[in-house]
$ cat query-v1.pdb   # PDB, C-alpha atoms
ATOM      1  CA  PHE A  22       0.000   0.000   0.000
ATOM      2  CA  PRO A  23       1.255   3.522  -0.758
ATOM      3  CA  ALA A  24       1.913   5.970   2.066
ATOM      4  CA  ARG A  25      -1.321   7.384   3.428
ATOM      5  CA  VAL A  26      -1.792  10.970   2.194
ATOM      6  CA  LYS A  27      -3.373  13.402   4.660
ATOM      7  CA  MET A  28      -6.441  15.018   3.109
ATOM      8  CA  VAL A  29      -6.923  18.765   3.519
ATOM      9  CA  MET A  30     -10.357  19.603   4.892
ATOM     10  CA  PRO A  31     -12.097  22.982   4.547
ATOM     11  CA  ALA A  32     -12.222  25.216   7.613
ATOM     12  CA  VAL A  33     -16.021  25.474   7.373
ATOM     13  CA  LYS A  34     -18.351  23.419   5.220
ATOM     14  CA  PRO A  35     -21.829  24.926   5.265
ATOM     15  CA  LYS A  36     -24.765  23.318   3.508
ATOM     16  CA  ILE A  37     -24.930  24.730  -0.029
ATOM     17  CA  ILE A  38     -28.482  25.624  -1.012
ATOM     18  CA  LYS A  39     -29.207  26.437  -4.642
ATOM     19  CA  LYS A  40     -32.421  28.389  -5.191
ATOM     20  CA  ARG A  41     -32.544  27.222  -8.804
ATOM     21  CA  THR A  42     -30.455  24.564 -10.538
ATOM     22  CA  LYS A  43     -32.130  24.708 -13.960
ATOM     23  CA  GLN A  44     -30.704  27.042 -16.587
ATOM     24  CA  PHE A  45     -32.741  30.106 -17.490
ATOM     25  CA  LYS A  46     -33.663  29.593 -21.130
ATOM     26  CA  ARG A  47     -34.368  32.342 -23.616
ATOM     27  CA  PRO A  48     -38.060  32.865 -24.406
ATOM     28  CA  GLN A  49     -39.229  31.137 -27.617
ATOM     29  CA  SER A  50     -35.861  29.405 -28.073
ATOM     30  CA  ASP A  51     -37.764  26.118 -28.288
ATOM     31  CA  ARG A  52     -40.031  27.448 -31.068
ATOM     32  CA  ILE A  53     -37.699  29.452 -33.338
ATOM     33  CA  ARG A  54     -34.568  27.744 -34.646
ATOM     34  CA  LYS A  55     -32.403  30.878 -34.973
ATOM     35  CA  VAL A  56     -33.099  31.920 -31.364
ATOM     36  CA  ASP A  57     -30.368  30.376 -29.200
ATOM     37  CA  TYR A  58     -31.022  28.883 -25.734
ATOM     38  CA  SER A  59     -28.634  31.257 -23.921
ATOM     39  CA  TRP A  60     -30.436  33.858 -21.837
ATOM     40  CA  ARG A  61     -31.246  37.292 -23.247
ATOM     41  CA  ARG A  62     -33.590  39.668 -21.475
ATOM     42  CA  PRO A  63     -36.920  40.093 -23.323
ATOM     43  CA  LYS A  64     -37.472  43.737 -24.309
ATOM     44  CA  GLY A  65     -40.584  43.689 -26.477
ATOM     45  CA  ILE A  66     -43.587  45.870 -25.622
ATOM     46  CA  ASP A  67     -46.072  42.985 -25.681
ATOM     47  CA  GLY A  68     -43.822  40.215 -24.351
ATOM     48  CA  THR A  69     -45.699  37.868 -22.034
ATOM     49  CA  TYR A  70     -42.411  36.661 -20.577
ATOM     50  CA  ARG A  71     -41.294  40.198 -19.711
ATOM     51  CA  ARG A  72     -44.707  41.003 -18.215
ATOM     52  CA  ARG A  73     -44.374  37.864 -16.047
ATOM     53  CA  PHE A  74     -47.584  36.129 -17.087
ATOM     54  CA  LYS A  75     -48.444  32.865 -15.369
ATOM     55  CA  GLY A  76     -47.057  29.745 -17.046
ATOM     56  CA  HIS A  77     -44.340  31.485 -19.054
ATOM     57  CA  GLY A  78     -41.289  30.698 -16.910
ATOM     58  CA  TYR A  79     -39.067  32.891 -14.810
ATOM     59  CA  MET A  80     -36.862  35.798 -15.755
ATOM     60  CA  VAL A  81     -33.377  36.151 -14.314
ATOM     61  CA  SER A  82     -33.473  38.326 -11.208
ATOM     62  CA  ILE A  83     -31.359  39.027  -8.146
ATOM     63  CA  GLY A  84     -33.702  36.937  -5.995
ATOM     64  CA  PHE A  85     -32.314  33.733  -7.516
ATOM     65  CA  GLY A  86     -28.783  34.581  -6.343
ATOM     66  CA  SER A  87     -26.810  32.251  -4.060
ATOM     67  CA  ASN A  88     -25.972  32.864  -0.429
ATOM     68  CA  LYS A  89     -22.901  35.122  -0.234
ATOM     69  CA  LYS A  90     -21.094  32.675   2.072
ATOM     70  CA  THR A  91     -21.553  29.684  -0.253
ATOM     71  CA  ARG A  92     -21.269  31.475  -3.622
ATOM     72  CA  HIS A  93     -18.635  29.902  -5.938
ATOM     73  CA  MET A  94     -18.184  27.073  -3.425
ATOM     74  CA  LEU A  95     -17.526  23.560  -4.701
ATOM     75  CA  PRO A  96     -19.474  20.643  -3.165
ATOM     76  CA  ASP A  97     -16.457  19.708  -1.023
ATOM     77  CA  GLY A  98     -16.505  23.126   0.712
ATOM     78  CA  PHE A  99     -13.531  24.757  -1.061
ATOM     79  CA  LYS A 100     -13.490  27.691  -3.462
ATOM     80  CA  LYS A 101     -11.449  27.309  -6.659
ATOM     81  CA  PHE A 102      -8.263  29.246  -7.472
ATOM     82  CA  VAL A 103      -6.581  28.789 -10.874
ATOM     83  CA  VAL A 104      -2.806  28.294 -10.657
ATOM     84  CA  HIS A 105      -0.455  28.983 -13.588
ATOM     85  CA  ASN A 106       2.917  28.671 -11.836
ATOM     86  CA  LEU A 107       4.603  27.963  -8.500
ATOM     87  CA  ALA A 108       4.348  31.614  -7.434
ATOM     88  CA  ASP A 109       0.551  31.436  -7.722
ATOM     89  CA  LEU A 110       0.606  28.369  -5.500
ATOM     90  CA  GLU A 111       2.489  30.261  -2.763
ATOM     91  CA  ILE A 112      -0.447  32.703  -2.530
ATOM     92  CA  LEU A 113      -2.597  29.886  -1.137
ATOM     93  CA  LEU A 114      -0.136  29.102   1.655
ATOM     94  CA  MET A 115      -2.232  30.817   4.344
ATOM     95  CA  HIS A 116      -5.586  30.050   2.692
ATOM     96  CA  ASN A 117      -5.310  26.300   2.096
ATOM     97  CA  ARG A 118      -8.381  25.621   4.269
ATOM     98  CA  GLU A 119     -10.589  27.965   2.221
ATOM     99  CA  TYR A 120      -9.328  27.643  -1.369
ATOM    100  CA  CYS A 121      -8.276  24.659  -3.452
ATOM    101  CA  ALA A 122      -6.029  25.037  -6.479
ATOM    102  CA  GLU A 123      -6.754  24.059 -10.057
ATOM    103  CA  VAL A 124      -3.825  23.843 -12.464
ATOM    104  CA  ALA A 125      -4.540  25.929 -15.571
ATOM    105  CA  ALA A 126      -5.055  24.141 -18.879
ATOM    106  CA  GLY A 127      -2.036  25.752 -20.569
ATOM    107  CA  VAL A 128       0.525  24.512 -18.038
ATOM    108  CA  SER A 129       3.001  21.967 -19.440
ATOM    109  CA  SER A 130       3.316  18.503 -17.949
ATOM    110  CA  LYS A 131       6.821  19.315 -16.655
ATOM    111  CA  ASN A 132       5.645  22.389 -14.742
ATOM    112  CA  ARG A 133       2.466  20.585 -13.719
ATOM    113  CA  LYS A 134       4.571  17.925 -11.997
ATOM    114  CA  ASP A 135       6.432  20.608 -10.010
ATOM    115  CA  ILE A 136       3.154  22.263  -9.007
ATOM    116  CA  VAL A 137       1.692  18.938  -7.813
ATOM    117  CA  GLU A 138       4.757  18.216  -5.670
ATOM    118  CA  ARG A 139       4.776  21.720  -4.152
ATOM    119  CA  ALA A 140       1.038  21.572  -3.448
ATOM    120  CA  GLN A 141       1.509  18.316  -1.579
ATOM    121  CA  ALA A 142       4.278  19.900   0.520
ATOM    122  CA  LEU A 143       2.119  22.940   1.340
ATOM    123  CA  GLU A 144      -0.975  20.748   1.983
ATOM    124  CA  ILE A 145      -3.003  22.485  -0.731
ATOM    125  CA  LYS A 146      -5.779  20.470  -2.340
ATOM    126  CA  LEU A 147      -5.648  20.211  -6.150
ATOM    127  CA  THR A 148      -8.827  19.564  -8.105
ATOM    128  CA  ASN A 149      -6.977  18.237 -11.180
ATOM    129  CA  GLY A 150      -3.723  17.063  -9.639
ATOM    130  CA  ASN A 151      -3.412  13.857 -11.652
ATOM    131  CA  ALA A 152      -4.226  15.374 -15.058
ATOM    132  CA  ARG A 153      -1.561  14.918 -17.763
ATOM    133  CA  LEU A 154       0.775  12.981 -15.440
ATOM    134  CA  ARG A 155       1.981   9.635 -16.802
ATOM    135  CA  ALA A 156       3.301   6.845 -14.633
ATOM    136  CA  GLU A 157       7.088   6.839 -14.456
ATOM    137  CA  GLU A 158       8.589   4.351 -16.915
ATOM    138  CA  ASP A 159      11.867   3.876 -15.033
ATOM    139  CA  GLU A 160      10.219   2.807 -11.765
TER
END

$ encode --input "query-v1.pdb" --output "structure tokens"
Amino acid sequence: FPARVKMVMPAVKPKIIKKRTKQFKRPQSDRIRKVDYSWRRPKGIDGTYRRRFKGHGYMVSIGFGSNKKTRHMLPDGFKKFVVHNLADLEILLMHNREYCAEVAAGVSSKNRKDIVERAQALEIKLTNGNARLRAEEDE
């Protein structure tokens, strides 16, 4: 068995409540082919959606916003911080119980390996720590 790795736990892990998990879809995007599904605010003078008629779905409003304490929080209780180099990783030294690191997509496998090793030393959780890392051939 490999050596047991100590898992970093978040300082606080509140229950995350989402007021709405469905995407807000653009009115009439299901009827008209050229109208995309991504949300646009209806601005027409006669729009039933804009006038909030019953049975026409909900418009985006501030009332659907998340709790400020759990906004941008991952299910494991951490917030994400994108890391491009080792210097970015050092920023999380004092905040490793609140933020987890995610290695950016453009980082090479050589630098990625260094970041993974340094994160383990600093006890910083990585969301994609094993991405683009091959098993060593010489071992």

$ resolve_selection --input "query-v1.pdb" --expression "the PyMOL selection byres ((chain A and resi 111) around 12)" --output "list in words"
Phe102, Val104, His105, Asn106, Leu107, Ala108, Asp109, Leu110, Ile112, Leu113, Leu114, Met115, His116, Asn117, Ala122, Ile136, Arg139, Ala140, Ala142, Leu143, Glu144 and Ile145 of chain A

$ write_last_selection --input "query-v1.pdb" --atoms "C-alpha atoms" --output "PDB file, in the frame of the given file"
ATOM      1  CA  PHE A 102      -8.263  29.246  -7.472  1.00  0.00           C
ATOM      2  CA  VAL A 104      -2.806  28.294 -10.657  1.00  0.00           C
ATOM      3  CA  HIS A 105      -0.455  28.983 -13.588  1.00  0.00           C
ATOM      4  CA  ASN A 106       2.917  28.671 -11.836  1.00  0.00           C
ATOM      5  CA  LEU A 107       4.603  27.963  -8.500  1.00  0.00           C
ATOM      6  CA  ALA A 108       4.348  31.614  -7.434  1.00  0.00           C
ATOM      7  CA  ASP A 109       0.551  31.436  -7.722  1.00  0.00           C
ATOM      8  CA  LEU A 110       0.606  28.369  -5.500  1.00  0.00           C
ATOM      9  CA  ILE A 112      -0.447  32.703  -2.530  1.00  0.00           C
ATOM     10  CA  LEU A 113      -2.597  29.886  -1.137  1.00  0.00           C
ATOM     11  CA  LEU A 114      -0.136  29.102   1.655  1.00  0.00           C
ATOM     12  CA  MET A 115      -2.232  30.817   4.344  1.00  0.00           C
ATOM     13  CA  HIS A 116      -5.586  30.050   2.692  1.00  0.00           C
ATOM     14  CA  ASN A 117      -5.310  26.300   2.096  1.00  0.00           C
ATOM     15  CA  ALA A 122      -6.029  25.037  -6.479  1.00  0.00           C
ATOM     16  CA  ILE A 136       3.154  22.263  -9.007  1.00  0.00           C
ATOM     17  CA  ARG A 139       4.776  21.720  -4.152  1.00  0.00           C
ATOM     18  CA  ALA A 140       1.038  21.572  -3.448  1.00  0.00           C
ATOM     19  CA  ALA A 142       4.278  19.900   0.520  1.00  0.00           C
ATOM     20  CA  LEU A 143       2.119  22.940   1.340  1.00  0.00           C
ATOM     21  CA  GLU A 144      -0.975  20.748   1.983  1.00  0.00           C
ATOM     22  CA  ILE A 145      -3.003  22.485  -0.731  1.00  0.00           C
TER      23      ILE A 145
END

$ atom_distance --input "query-v1.pdb" --atom1 "atom CA of Cys121 of chain A" --atom2 "atom CA of Arg41 of chain A"
25.0 Å

$ atom_distance --input "query-v1.pdb" --atom1 "atom CA of Tyr58 of chain A" --atom2 "atom CA of Gln44 of chain A"
9.3 Å

$ resolve_selection --input "query-v1.pdb" --expression "the PyMOL selection byres ((chain A and resi 70) around 12)" --output "JSON, numbers by chain"
{"A": [46, 47, 48, 49, 61, 62, 63, 64, 65, 66, 67, 68, 69, 71, 72, 73, 74, 75, 76, 77, 78, 79, 80, 81]}

$ write_last_selection --input "query-v1.pdb" --atoms "C-alpha atoms" --output "compact mmCIF listing (two decimals), in the coordinates of the input"
# COMPACT_ATOMS: atom_id res chain seq x y z
CA LYS A 46 -33.66 29.59 -21.13
CA ARG A 47 -34.37 32.34 -23.62
CA PRO A 48 -38.06 32.86 -24.41
CA GLN A 49 -39.23 31.14 -27.62
CA ARG A 61 -31.25 37.29 -23.25
CA ARG A 62 -33.59 39.67 -21.48
CA PRO A 63 -36.92 40.09 -23.32
CA LYS A 64 -37.47 43.74 -24.31
CA GLY A 65 -40.58 43.69 -26.48
CA ILE A 66 -43.59 45.87 -25.62
CA ASP A 67 -46.07 42.98 -25.68
CA GLY A 68 -43.82 40.22 -24.35
CA THR A 69 -45.70 37.87 -22.03
CA ARG A 71 -41.29 40.20 -19.71
CA ARG A 72 -44.71 41.00 -18.22
CA ARG A 73 -44.37 37.86 -16.05
CA PHE A 74 -47.58 36.13 -17.09
CA LYS A 75 -48.44 32.86 -15.37
CA GLY A 76 -47.06 29.74 -17.05
CA HIS A 77 -44.34 31.48 -19.05
CA GLY A 78 -41.29 30.70 -16.91
CA TYR A 79 -39.07 32.89 -14.81
CA MET A 80 -36.86 35.80 -15.76
CA VAL A 81 -33.38 36.15 -14.31

$ residues_near_point --input "query-v1.pdb" --point "(2.4, 20.8, -16.5)" --cutoff "12 Å" --atoms "only C-alpha atoms" --output "VMD selection string"
chain A and resid 104 to 107 123 to 138 149 to 155

$ resolve_selection --input "query-v1.pdb" --expression "the PyMOL selection byres ((chain A and resi 32) around 10)" --output "number ranges by chain"
A: 29-31, 33-35, 98-99, 116-120

$ closest_residue --input "query-v1.pdb" --among "A:Met28, A:Val56, A:Ile37, A:Met94" --to "Leu147 of chain A" --atoms "all atoms listed in the file"
A:Met28

$ atom_distance --input "query-v1.pdb" --atom1 "atom CA of Phe85 of chain A" --atom2 "atom CA of Ile53 of chain A"
26.7 Å

$ axis_aligned_box --input "query-v1.pdb" --around "segment 49-54 of chain A" --padding-each-side "5 Å" --output "lines of an AutoDock Vina configuration file"
center_x = -37.3
center_y = 28.6
center_z = -31.1
size_x = 15.5
size_y = 15.0
size_z = 17.0

$ decode --input "query-v1.pdb" --residues "segment 41-90 of chain A" --atoms "N, CA and C atoms" --output "PDB file, in the first residue's frame"
ATOM      1  N   ARG A  41     -32.120  27.755  -7.505  1.00  0.00           N
ATOM      2  CA  ARG A  41     -32.544  27.222  -8.804  1.00  0.00           C
ATOM      3  C   ARG A  41     -31.354  26.547  -9.463  1.00  0.00           C
ATOM      4  N   THR A  42     -31.540  25.292  -9.884  1.00  0.00           N
ATOM      5  CA  THR A  42     -30.455  24.564 -10.538  1.00  0.00           C
ATOM      6  C   THR A  42     -30.653  24.502 -12.050  1.00  0.00           C
ATOM      7  N   LYS A  43     -31.884  24.712 -12.522  1.00  0.00           N
ATOM      8  CA  LYS A  43     -32.130  24.708 -13.960  1.00  0.00           C
ATOM      9  C   LYS A  43     -31.583  25.975 -14.597  1.00  0.00           C
ATOM     10  N   GLN A  44     -31.150  25.876 -15.848  1.00  0.00           N
ATOM     11  CA  GLN A  44     -30.704  27.042 -16.587  1.00  0.00           C
ATOM     12  C   GLN A  44     -31.914  27.905 -16.943  1.00  0.00           C
ATOM     13  N   PHE A  45     -31.709  29.215 -16.980  1.00  0.00           N
ATOM     14  CA  PHE A  45     -32.741  30.106 -17.490  1.00  0.00           C
ATOM     15  C   PHE A  45     -32.643  30.068 -19.010  1.00  0.00           C
ATOM     16  N   LYS A  46     -33.733  29.669 -19.675  1.00  0.00           N
ATOM     17  CA  LYS A  46     -33.663  29.593 -21.130  1.00  0.00           C
ATOM     18  C   LYS A  46     -34.338  30.813 -21.744  1.00  0.00           C
ATOM     19  N   ARG A  47     -33.861  31.165 -22.927  1.00  0.00           N
ATOM     20  CA  ARG A  47     -34.368  32.342 -23.616  1.00  0.00           C
ATOM     21  C   ARG A  47     -35.788  32.085 -24.101  1.00  0.00           C
ATOM     22  N   PRO A  48     -36.681  33.054 -23.946  1.00  0.00           N
ATOM     23  CA  PRO A  48     -38.060  32.865 -24.406  1.00  0.00           C
ATOM     24  C   PRO A  48     -38.123  32.554 -25.895  1.00  0.00           C
ATOM     25  N   GLN A  49     -38.955  31.593 -26.239  1.00  0.00           N
ATOM     26  CA  GLN A  49     -39.229  31.137 -27.617  1.00  0.00           C
ATOM     27  C   GLN A  49     -38.015  30.477 -28.279  1.00  0.00           C
ATOM     28  N   SER A  50     -37.001  30.104 -27.483  1.00  0.00           N
ATOM     29  CA  SER A  50     -35.861  29.405 -28.073  1.00  0.00           C
ATOM     30  C   SER A  50     -36.246  27.993 -28.480  1.00  0.00           C
ATOM     31  N   ASP A  51     -37.305  27.446 -27.902  1.00  0.00           N
ATOM     32  CA  ASP A  51     -37.764  26.118 -28.288  1.00  0.00           C
ATOM     33  C   ASP A  51     -38.642  26.162 -29.532  1.00  0.00           C
ATOM     34  N   ARG A  52     -39.137  27.322 -29.914  1.00  0.00           N
ATOM     35  CA  ARG A  52     -40.031  27.448 -31.068  1.00  0.00           C
ATOM     36  C   ARG A  52     -39.321  27.925 -32.332  1.00  0.00           C
ATOM     37  N   ILE A  53     -38.359  28.830 -32.189  1.00  0.00           N
ATOM     38  CA  ILE A  53     -37.699  29.452 -33.338  1.00  0.00           C
ATOM     39  C   ILE A  53     -36.261  28.961 -33.397  1.00  0.00           C
ATOM     40  N   ARG A  54     -35.867  28.397 -34.523  1.00  0.00           N
ATOM     41  CA  ARG A  54     -34.568  27.744 -34.646  1.00  0.00           C
ATOM     42  C   ARG A  54     -33.404  28.724 -34.483  1.00  0.00           C
ATOM     43  N   LYS A  55     -33.527  29.936 -35.024  1.00  0.00           N
ATOM     44  CA  LYS A  55     -32.403  30.878 -34.973  1.00  0.00           C
ATOM     45  C   LYS A  55     -32.232  31.533 -33.602  1.00  0.00           C
ATOM     46  N   VAL A  56     -33.208  31.363 -32.712  1.00  0.00           N
ATOM     47  CA  VAL A  56     -33.099  31.920 -31.364  1.00  0.00           C
ATOM     48  C   VAL A  56     -32.384  30.905 -30.487  1.00  0.00           C
ATOM     49  N   ASP A  57     -31.198  31.279 -29.993  1.00  0.00           N
ATOM     50  CA  ASP A  57     -30.368  30.376 -29.200  1.00  0.00           C
ATOM     51  C   ASP A  57     -30.937  30.220 -27.786  1.00  0.00           C
ATOM     52  N   TYR A  58     -30.522  29.148 -27.081  1.00  0.00           N
ATOM     53  CA  TYR A  58     -31.022  28.883 -25.734  1.00  0.00           C
ATOM     54  C   TYR A  58     -30.445  29.824 -24.677  1.00  0.00           C
ATOM     55  N   SER A  59     -29.277  30.432 -24.945  1.00  0.00           N
ATOM     56  CA  SER A  59     -28.634  31.257 -23.921  1.00  0.00           C
ATOM     57  C   SER A  59     -29.483  32.488 -23.605  1.00  0.00           C
ATOM     58  N   TRP A  60     -29.515  32.842 -22.339  1.00  0.00           N
ATOM     59  CA  TRP A  60     -30.436  33.858 -21.837  1.00  0.00           C
ATOM     60  C   TRP A  60     -30.175  35.238 -22.416  1.00  0.00           C
ATOM     61  N   ARG A  61     -31.234  35.880 -22.880  1.00  0.00           N
ATOM     62  CA  ARG A  61     -31.246  37.292 -23.247  1.00  0.00           C
ATOM     63  C   ARG A  61     -32.516  37.867 -22.637  1.00  0.00           C
ATOM     64  N   ARG A  62     -32.426  39.071 -22.110  1.00  0.00           N
ATOM     65  CA  ARG A  62     -33.590  39.668 -21.475  1.00  0.00           C
ATOM     66  C   ARG A  62     -34.619  40.081 -22.532  1.00  0.00           C
ATOM     67  N   PRO A  63     -35.895  39.682 -22.353  1.00  0.00           N
ATOM     68  CA  PRO A  63     -36.920  40.093 -23.323  1.00  0.00           C
ATOM     69  C   PRO A  63     -37.217  41.582 -23.188  1.00  0.00           C
ATOM     70  N   LYS A  64     -37.284  42.286 -24.338  1.00  0.00           N
ATOM     71  CA  LYS A  64     -37.472  43.737 -24.309  1.00  0.00           C
ATOM     72  C   LYS A  64     -38.674  44.211 -25.109  1.00  0.00           C
ATOM     73  N   GLY A  65     -39.450  43.283 -25.648  1.00  0.00           N
ATOM     74  CA  GLY A  65     -40.584  43.689 -26.477  1.00  0.00           C
ATOM     75  C   GLY A  65     -41.702  44.337 -25.666  1.00  0.00           C
ATOM     76  N   ILE A  66     -42.529  45.153 -26.340  1.00  0.00           N
ATOM     77  CA  ILE A  66     -43.587  45.870 -25.622  1.00  0.00           C
ATOM     78  C   ILE A  66     -44.722  44.947 -25.215  1.00  0.00           C
ATOM     79  N   ASP A  67     -44.958  43.885 -25.984  1.00  0.00           N
ATOM     80  CA  ASP A  67     -46.072  42.985 -25.681  1.00  0.00           C
ATOM     81  C   ASP A  67     -45.618  41.656 -25.091  1.00  0.00           C
ATOM     82  N   GLY A  68     -44.360  41.514 -24.758  1.00  0.00           N
ATOM     83  CA  GLY A  68     -43.822  40.215 -24.351  1.00  0.00           C
ATOM     84  C   GLY A  68     -44.473  39.674 -23.081  1.00  0.00           C
ATOM     85  N   THR A  69     -45.060  38.478 -23.194  1.00  0.00           N
ATOM     86  CA  THR A  69     -45.699  37.868 -22.034  1.00  0.00           C
ATOM     87  C   THR A  69     -44.653  37.439 -21.000  1.00  0.00           C
ATOM     88  N   TYR A  70     -43.499  37.065 -21.474  1.00  0.00           N
ATOM     89  CA  TYR A  70     -42.411  36.661 -20.577  1.00  0.00           C
ATOM     90  C   TYR A  70     -41.957  37.855 -19.736  1.00  0.00           C
ATOM     91  N   ARG A  71     -41.743  38.997 -20.408  1.00  0.00           N
ATOM     92  CA  ARG A  71     -41.294  40.198 -19.711  1.00  0.00           C
ATOM     93  C   ARG A  71     -42.337  40.699 -18.720  1.00  0.00           C
ATOM     94  N   ARG A  72     -43.618  40.547 -19.095  1.00  0.00           N
ATOM     95  CA  ARG A  72     -44.707  41.003 -18.215  1.00  0.00           C
ATOM     96  C   ARG A  72     -45.054  39.983 -17.137  1.00  0.00           C
ATOM     97  N   ARG A  73     -44.295  38.887 -17.095  1.00  0.00           N
ATOM     98  CA  ARG A  73     -44.374  37.864 -16.047  1.00  0.00           C
ATOM     99  C   ARG A  73     -45.756  37.225 -15.948  1.00  0.00           C
ATOM    100  N   PHE A  74     -46.306  36.830 -17.090  1.00  0.00           N
ATOM    101  CA  PHE A  74     -47.584  36.129 -17.087  1.00  0.00           C
ATOM    102  C   PHE A  74     -47.396  34.721 -16.538  1.00  0.00           C
ATOM    103  N   LYS A  75     -48.476  34.196 -15.971  1.00  0.00           N
ATOM    104  CA  LYS A  75     -48.444  32.865 -15.369  1.00  0.00           C
ATOM    105  C   LYS A  75     -48.182  31.806 -16.439  1.00  0.00           C
ATOM    106  N   GLY A  76     -47.315  30.842 -16.127  1.00  0.00           N
ATOM    107  CA  GLY A  76     -47.057  29.745 -17.046  1.00  0.00           C
ATOM    108  C   GLY A  76     -46.024  30.023 -18.108  1.00  0.00           C
ATOM    109  N   HIS A  77     -45.322  31.145 -18.022  1.00  0.00           N
ATOM    110  CA  HIS A  77     -44.340  31.485 -19.054  1.00  0.00           C
ATOM    111  C   HIS A  77     -42.907  31.402 -18.567  1.00  0.00           C
ATOM    112  N   GLY A  78     -42.659  30.844 -17.403  1.00  0.00           N
ATOM    113  CA  GLY A  78     -41.289  30.698 -16.910  1.00  0.00           C
ATOM    114  C   GLY A  78     -40.811  31.936 -16.183  1.00  0.00           C
ATOM    115  N   TYR A  79     -39.613  31.817 -15.625  1.00  0.00           N
ATOM    116  CA  TYR A  79     -39.067  32.891 -14.810  1.00  0.00           C
ATOM    117  C   TYR A  79     -37.992  33.667 -15.540  1.00  0.00           C
ATOM    118  N   MET A  80     -37.938  34.965 -15.250  1.00  0.00           N
ATOM    119  CA  MET A  80     -36.862  35.798 -15.755  1.00  0.00           C
ATOM    120  C   MET A  80     -35.727  35.798 -14.737  1.00  0.00           C
ATOM    121  N   VAL A  81     -34.523  36.047 -15.208  1.00  0.00           N
ATOM    122  CA  VAL A  81     -33.377  36.151 -14.314  1.00  0.00           C
ATOM    123  C   VAL A  81     -33.569  37.374 -13.431  1.00  0.00           C
ATOM    124  N   SER A  82     -33.402  37.192 -12.118  1.00  0.00           N
ATOM    125  CA  SER A  82     -33.473  38.326 -11.208  1.00  0.00           C
ATOM    126  C   SER A  82     -32.557  38.067 -10.018  1.00  0.00           C
ATOM    127  N   ILE A  83     -32.301  39.105  -9.254  1.00  0.00           N
ATOM    128  CA  ILE A  83     -31.359  39.027  -8.146  1.00  0.00           C
ATOM    129  C   ILE A  83     -31.858  38.074  -7.064  1.00  0.00           C
ATOM    130  N   GLY A  84     -33.140  37.826  -7.004  1.00  0.00           N
ATOM    131  CA  GLY A  84     -33.702  36.937  -5.995  1.00  0.00           C
ATOM    132  C   GLY A  84     -33.266  35.492  -6.133  1.00  0.00           C
ATOM    133  N   PHE A  85     -32.789  35.098  -7.313  1.00  0.00           N
ATOM    134  CA  PHE A  85     -32.314  33.733  -7.516  1.00  0.00           C
ATOM    135  C   PHE A  85     -30.851  33.570  -7.135  1.00  0.00           C
ATOM    136  N   GLY A  86     -30.203  34.627  -6.666  1.00  0.00           N
ATOM    137  CA  GLY A  86     -28.783  34.581  -6.343  1.00  0.00           C
ATOM    138  C   GLY A  86     -28.480  33.653  -5.175  1.00  0.00           C
ATOM    139  N   SER A  87     -27.238  33.165  -5.116  1.00  0.00           N
ATOM    140  CA  SER A  87     -26.810  32.251  -4.060  1.00  0.00           C
ATOM    141  C   SER A  87     -26.476  33.028  -2.787  1.00  0.00           C
ATOM    142  N   ASN A  88     -26.413  32.301  -1.697  1.00  0.00           N
ATOM    143  CA  ASN A  88     -25.972  32.864  -0.429  1.00  0.00           C
ATOM    144  C   ASN A  88     -24.536  33.349  -0.597  1.00  0.00           C
ATOM    145  N   LYS A  89     -24.227  34.535  -0.051  1.00  0.00           N
ATOM    146  CA  LYS A  89     -22.901  35.122  -0.234  1.00  0.00           C
ATOM    147  C   LYS A  89     -21.800  34.233   0.350  1.00  0.00           C
ATOM    148  N   LYS A  90     -22.101  33.512   1.431  1.00  0.00           N
ATOM    149  CA  LYS A  90     -21.094  32.675   2.072  1.00  0.00           C
ATOM    150  C   LYS A  90     -20.807  31.411   1.274  1.00  0.00           C
TER     151      LYS A  90
END
